[in-house]
Every structure is written in C-alpha cells, then in structure tokens.
Amino acid sequence: MAVEQGTLVERDVEKREEARSLWADAWRDLRRRPIFLLSVALIVLLVLVAIFPWAFTDANPRKADLVHDYLKRPDWTDFFGAGWFGYDAQGRSIYARVVYGARASITVGIFVTAAVTVLGGLTGMIAGYFGGGVDAVISRIIDIFFGIPLLLGALVLLNAFTVRTVWTVVLALAVLGWTQIARVMRGAVLTVKQADYVAAGRALGAGTGRLMFRHILPNAVAPVIVVATIALGGYIATEATLSFLGIGLQEPTISWGIDISSAQKVIRTAPYVLFFPAAALSVTVLAFIMMGDAVRDALDPKLR
C-alpha cells in the first residue's frame, strides 16, 4: 500500500508540473539565467538612482565653478563625491550629472514604452480580432506610420516645439513608435483567435470584450512584452541622440545626451568628460536589451 501511495503522489506531482502555466514556466527558467539576474539588478539600481538621486550624491549637478573646477581631472579617492569623475568644461560635477541624468532617460524610456504598448497593443488586437475591412484600414494606417523613420520623424515633430521637456519627447516618440507593437500584437491575435478555447467561449455566448481581454489577450501578450522590453533601451538611446543633436531635451534638464554633446568640444584634452555619461547610457541600454533577450528565450519554447 505504501508503495502504491508513493506512486500516486509522484504521479500527482508530475501532473502539477505538466500543468504549470507558460508564465510560471518562464519565471522558473528566468531565475536560473545569470544574464537576467544581472540585468534586473542593474535596472533596479538605475531606477533607484533615478528616483532618489540625492541618496547617491550630495553634490549639486548644476553648480558651476569655472575658476576652481574647470576640466578638473577625476579624483579616484573621492568615492561618490563631487570630484570622483572629475568636472566638465563649465566646472560642474560629472558624477552628479551622471546620477541626476538617469532620471530623464529612465522616465522617457518607461513612459514611451508604456504608451506605445497600450496604443499599439489595442490597435493590433482590434485589427487582428475583427479582420476584414477593419484590419485592412488599420493595417494601412500602421504602414503609413511605420514608413516614417523614428529618429527623423521625432526631429521634425520636436522642432515644432520651442520648449522641449521630458513629456514633449515622450509624446513625440509615442506618436511614432507604436507601429512595431501593433504589428506584433496583430500577428499574435490572428494566431490565438483560431484556438479551440476561443471558439468554445464564443459558442458559450461570451461577448467580444470577454473574448478579447480574458481569452485572447493573456495568450497573445507574450511577444509584445518581449518587443517592448527590448525597445525600451532603444527609446532611451533615441532620447540621448535627440538631445545630442540639440532637438531633444534642453537645459536646465539634465540629460546624458546633453552632456555627451557638450563633451565633444573637449574630447581631446579631457576624454573623461565624454566617457562617463556615454558609459552610463551604454550600460542602461545594454541592461534592458539583455533583459529583453532573456525574456524572449524564456517565453519561446523553440529556443529552450
């Protein structure tokens, strides 16, 4: 009897393991990936720096002293101090500006990603679910916006504003960046809506809203999450590029792109002025791309 009970328990455990959902299985896989853990640790650190910059430095990022601090070299003994990374051509602490510059980049990346995910996700889901004429019209609109290069379109839109803030950049990138998410969601919905459980729900009298948000969306959102996570790093890089070109964020907003643009004038005599904001930007973009790659591998059974 004991042996039979033990066998039944083992079979029950195996059934539970087999019944594990896609998300539970993906999370179980992600916890074992060092790249995912490293990227999450970096992103958590960056978010904390963006929210609480004063906890990482007590230096004023806007305080300029041309007399005493003009292009002063880094002081490696001044850990987390104003002179740790040196000073720029206006006598401002590079370390303090790197810390406070994280807020603008992280804010732009997160809010643009949220906006394009909602807008593109809803648009793609409507096109894929209803099909026919609705799909044709929405697809042509997507094609029109998709044909506009993101950077070029943002340059044109932002040039129309005399004052450019974080929210102006978010608006410009969100208006132009939703098409990729819409295409991914449309393709996923076209596949999922053919499933048997959707047909069964429709036969049982489930309404359009219930079918779309309770049955189709949870099973079609995985590729959207992957694309959005990777795109977040791209939006941060785009914001820095726009600020570098002088069309993005403006002073007194502190941005890595603005600092990189200012540093190009003294790159030969003081390369550290360029290195630290550029390194912060690269690490941030890399962290989100690594997390997106790890999530993609975990959610795609073909890559296991």
# chains A, B, ... in the order shown; residues from 1 in each chain; ligands from 1
$ residues_around --residues "Asp69 in chain A" --least-positions-apart "3" --cutoff "12 Å" --atoms "only C-alpha atoms" --output "number ranges by chain"
A: 63-66, 72-75, 82-83, 85-94
$ write_last_selection --atoms "N, CA, C and O atoms" --output "compact mmCIF listing (two decimals), in the first residue's frame"
# COMPACT_ATOMS: atom_id res chain seq x y z
N LYS A 63 25.76 73.26 -10.17
CA LYS A 63 26.72 74.22 -9.62
C LYS A 63 27.97 74.25 -10.49
O LYS A 63 28.64 73.24 -10.68
N ALA A 64 28.29 75.42 -11.04
CA ALA A 64 29.44 75.58 -11.93
C ALA A 64 30.47 76.51 -11.28
O ALA A 64 30.11 77.57 -10.76
N ASP A 65 31.73 76.09 -11.34
CA ASP A 65 32.84 76.89 -10.81
C ASP A 65 33.98 76.84 -11.81
O ASP A 65 34.85 75.97 -11.76
N LEU A 66 33.97 77.79 -12.73
CA LEU A 66 34.99 77.81 -13.77
C LEU A 66 36.37 78.14 -13.24
O LEU A 66 37.39 77.74 -13.82
N LYS A 72 38.66 69.80 -14.25
CA LYS A 72 39.49 69.15 -13.24
C LYS A 72 39.39 67.64 -13.40
O LYS A 72 38.32 67.08 -13.59
N ARG A 73 40.53 66.97 -13.33
CA ARG A 73 40.58 65.52 -13.57
C ARG A 73 39.91 64.73 -12.44
O ARG A 73 39.79 65.24 -11.31
N PRO A 74 39.50 63.50 -12.74
CA PRO A 74 38.85 62.67 -11.70
C PRO A 74 39.75 62.45 -10.49
O PRO A 74 40.96 62.26 -10.63
N ASP A 75 39.12 62.44 -9.34
CA ASP A 75 39.80 62.13 -8.08
C ASP A 75 39.28 60.77 -7.61
O ASP A 75 38.22 60.66 -7.03
N ALA A 82 31.82 64.77 -5.25
CA ALA A 82 31.62 65.62 -6.42
C ALA A 82 32.76 65.47 -7.43
O ALA A 82 32.54 65.55 -8.64
N GLY A 83 33.96 65.23 -6.97
CA GLY A 83 35.11 65.15 -7.87
C GLY A 83 35.48 63.76 -8.31
O GLY A 83 36.54 63.57 -8.92
N PHE A 85 34.37 61.69 -10.64
CA PHE A 85 34.51 61.55 -12.09
C PHE A 85 35.13 62.79 -12.73
O PHE A 85 35.23 62.85 -13.96
N GLY A 86 35.53 63.76 -11.93
CA GLY A 86 36.08 64.99 -12.46
C GLY A 86 35.00 66.04 -12.72
O GLY A 86 33.85 65.89 -12.28
N TYR A 87 35.38 67.10 -13.44
CA TYR A 87 34.47 68.21 -13.71
C TYR A 87 34.47 68.52 -15.20
O TYR A 87 35.45 68.29 -15.90
N ASP A 88 33.35 69.07 -15.68
CA ASP A 88 33.23 69.37 -17.11
C ASP A 88 33.74 70.77 -17.43
O ASP A 88 34.32 71.45 -16.57
N ALA A 89 33.51 71.21 -18.67
CA ALA A 89 34.04 72.49 -19.13
C ALA A 89 33.38 73.69 -18.46
O ALA A 89 33.87 74.81 -18.58
N GLN A 90 32.28 73.47 -17.75
CA GLN A 90 31.64 74.55 -17.00
C GLN A 90 31.89 74.44 -15.50
O GLN A 90 31.30 75.18 -14.72
N GLY A 91 32.76 73.51 -15.13
CA GLY A 91 33.09 73.35 -13.73
C GLY A 91 32.02 72.64 -12.92
O GLY A 91 31.92 72.83 -11.70
N ARG A 92 31.22 71.80 -13.58
CA ARG A 92 30.17 71.07 -12.88
C ARG A 92 30.61 69.62 -12.63
O ARG A 92 31.36 69.05 -13.43
N SER A 93 30.13 69.04 -11.54
CA SER A 93 30.50 67.67 -11.17
C SER A 93 29.94 66.68 -12.19
O SER A 93 28.72 66.59 -12.39
N ILE A 94 30.82 65.93 -12.83
CA ILE A 94 30.38 64.93 -13.81
C ILE A 94 29.63 63.80 -13.11
O ILE A 94 28.61 63.31 -13.62
$ closest_residue --among "A:Ile267, A:Ile138, A:Ile289, A:Ala154" --to "Met125 in chain A" --atoms "only C-alpha atoms"
A:Ile138
$ residues_around --residues "Ser282 in chain A" --least-positions-apart "4" --cutoff "10 Å" --atoms "only C-alpha atoms" --output "ChimeraX atom specification"
/A:233,236-237,276-278,286-287
$ atom_distance --atom1 "CA of Met290 in chain A" --atom2 "CA of Pro53 in chain A"
24.2 Å
$ closest_residue --among "A:Ala160, A:Val108, A:Ala231, A:Ile35" --to "Ile181 in chain A" --atoms "only C-alpha atoms"
A:Ala231
$ atom_distance --atom1 "CA of Thr168 in chain A" --atom2 "CA of Thr253 in chain A"
12.5 Å
$ residues_around --residues "Glu239 in chain A" --least-positions-apart "6" --cutoff "8 Å" --atoms "only C-alpha atoms" --output "short mmCIF file (atom, residue, chain, number, x, y, z; two decimals) with all heavy atoms, in the first residue's frame"
data_model
loop_
_atom_site.label_atom_id
_atom_site.label_comp_id
_atom_site.auth_asym_id
_atom_site.auth_seq_id
_atom_site.Cartn_x
_atom_site.Cartn_y
_atom_site.Cartn_z
N SER A 105 16.42 59.93 -18.64
CA SER A 105 16.49 58.79 -19.56
C SER A 105 15.52 57.68 -19.15
O SER A 105 14.81 57.13 -19.99
CB SER A 105 17.92 58.26 -19.60
OG SER A 105 18.80 59.23 -20.14
N VAL A 108 11.82 58.82 -19.74
CA VAL A 108 11.46 58.76 -21.17
C VAL A 108 11.27 57.31 -21.61
O VAL A 108 10.27 56.97 -22.25
CB VAL A 108 12.53 59.45 -22.03
CG1 VAL A 108 12.30 59.15 -23.52
CG2 VAL A 108 12.51 60.95 -21.80
N VAL A 169 9.24 64.99 -25.39
CA VAL A 169 9.96 63.90 -26.04
C VAL A 169 9.15 62.61 -25.95
O VAL A 169 9.08 61.84 -26.93
CB VAL A 169 11.35 63.73 -25.40
CG1 VAL A 169 12.07 62.52 -26.00
CG2 VAL A 169 12.19 64.98 -25.60
N GLY A 248 16.36 67.40 -28.75
CA GLY A 248 15.66 66.71 -27.66
C GLY A 248 15.52 67.58 -26.43
O GLY A 248 15.02 68.71 -26.51
N LEU A 249 15.94 67.07 -25.31
CA LEU A 249 15.82 67.80 -24.06
C LEU A 249 16.73 69.03 -24.06
O LEU A 249 17.75 69.08 -24.74
CB LEU A 249 16.19 66.89 -22.89
CG LEU A 249 15.31 65.65 -22.72
CD1 LEU A 249 15.80 64.78 -21.58
CD2 LEU A 249 13.86 66.03 -22.51
N GLY A 257 22.53 62.75 -22.96
CA GLY A 257 22.72 63.20 -24.33
C GLY A 257 23.25 64.63 -24.39
O GLY A 257 24.12 64.95 -25.21
#
$ residues_around --residues "Gly109 in chain A" --least-positions-apart "4" --cutoff "12 Å" --atoms "only C-alpha atoms" --output "PyMOL selection string"
chain A and resi 43+47+50+102-105+113-117+166-167+169-171+173-174+177+228-240+281+284-285+288
$ atom_distance --atom1 "CA of Leu152 in chain A" --atom2 "CA of Trp178 in chain A"
15.3 Å
$ closest_residue --among "A:Leu211, A:Ala280, A:Val118, A:Ile216" --to "Arg97 in chain A" --atoms "only C-alpha atoms"
A:Ala280
$ residues_around --residues "Ala182 in chain A" --least-positions-apart "3" --cutoff "7 Å" --atoms "only C-alpha atoms" --output "list in words"
Gly120, Gly121, Thr123, Gly124, Trp178, Thr179, Met185 and Arg186 of chain A
$ select_by_dssp --residues "range 110-295 of chain A" --states "alpha helix (DSSP H)" --output "VMD selection string"
chain A and resid 110 to 130 132 to 146 150 to 159 166 to 177 179 to 192 196 to 203 208 to 210 217 to 220 222 to 244 256 to 263 272 to 295
$ closest_residue --among "A:Val184, A:Ile106, A:Ala270, A:Ile148" --to "Leu46 in chain A" --atoms "only C-alpha atoms"
A:Ile106
$ closest_residue --among "A:His215, A:Arg33, A:Lys265, A:Arg164" --to "Asp297 in chain A" --atoms "only C-alpha atoms"
A:Arg33
$ closest_residue --among "A:Leu176, A:Leu217, A:Leu45, A:Val98" --to "Val192 in chain A" --atoms "only C-alpha atoms"
A:Leu217
